[in-house]
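The next block holds one structure in the form of structure tokens; read it before the comments.
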Amino acid sequence: MSGIDLSEVLLDDAVMLDVGPFSTKMELFHYMAEQLQHAGIVKDAAEFIDALELREQCGSTYMGNFIAIPHGKSETVARTGVAFCRCKIPFLYESNGEK
């Protein structure tokens with residue numbers, strides 16, 4: 001059976017626990033993109049932020065219950081990766097006018 005080995009895509013450098021606080025999702029995007037660049041998942045944090053914003057314009061990535069799954073496609077992505085961020089304090093994650 002082939003598939004993705006979670007240990008290859010979820011790197012220690014991309015798991016952030018009890019960070020923030022963040023006031024907006026853009027603050028979170030900036031923090032996460034920098035961490036993804038540091039982990040070698042993306043080559044350019046600013047370019048990846050643009051991809052995250054573009055994806056948000058297509059529809060909300062907020063799932064409810066303080067869970068969001070922001071993601072994006074970009075040439076700056078160097079390798080498949082998954083990041084996890086647990087915020088110290090919940091914040092309002094607005095997307096397309098939704099709260």
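Chains: A, B, ... in order of the structure tokens. Residues: from 1 per chain. Ligands: from 1, in order shown.
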Quiz item: DSSP says helix (DSSP H, G or I) for which residues of stretch 6-73 of chain A? Put them as a PyMOL selection string?
Solution: chain A and resi 6-9+12-14+25-38+45-58
List the spatial neighbours of A:Pro90 as a PDB file with C-alpha atoms, in the first residue's frame - criterion: any atom at most 8 Å away, only C-alpha atoms, same-chain residues fewer than 2 positions off excluded.
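Writing done, so here's selection_34.pdb:
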ATOM      1  CA  PRO A  21      -1.527  35.458  20.813  1.00  0.00           C
ATOM      2  CA  PHE A  66     -11.752  27.124  16.621  1.00  0.00           C
ATOM      3  CA  CYS A  87      -2.798  29.130  19.656  1.00  0.00           C
ATOM      4  CA  LYS A  88      -2.458  30.198  23.288  1.00  0.00           C
ATOM      5  CA  LEU A  92     -11.654  35.584  15.541  1.00  0.00           C
TER       6      LEU A  92
END
Self-check item: For A:Asp50, the nearest of the candidates A:Phe29, A:Tyr93, A:Phe22, A:Tyr62, counting only C-alpha atoms
Solution: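 Comparing A:Phe29, A:Tyr93, A:Phe22, A:Tyr62 against A:Asp50, the winner is A:Phe29.
Coordinates place atom CA of A:Ala78 at a distance of 6.9 Å from atom CA of A:Gly40.
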Self-check item: Contacts of A:Cys58 within 12 Å, only C-alpha atoms, excl. fewer than 3 positions in-chain, as a list in words
Solution: Ala51, Leu52, Glu53, Leu54, Arg55, Thr61, Pro70, His71, Gly72, Ser95 and Asn96 of chain A
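Using only C-alpha atoms for every distance, the candidate list A:Val19, A:Ala14, A:Val42, A:Leu6 yields A:Val19 as the residue closest to A:Arg86.
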Quiz prompt | Pick from A:His38, A:His30, A:Lys25, A:Lys43, whichever lies nearest to A:Thr76 using only C-alpha atoms | solution =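 Of the candidates, the smallest distance to A:Thr76 is held by A:Lys43.
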Practice problem: Enumerate the residues of chain A with a DSSP assignment of strand (DSSP E or B), computed from the backbone, and present them as an MDAnalysis selection string. | Solution: chainID A and resid 15:19 42 62:64 67:68 77 84:87 95 98
Practice problem: Considering only C-alpha atoms, state which residue in the set A:Val77, A:Ile4, A:Ala68, A:Leu11 is at the smallest distance from A:Gln37. | Solution: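 Of A:Val77, A:Ile4, A:Ala68, A:Leu11, the one nearest A:Gln37 is A:Val77, counting only C-alpha atoms.
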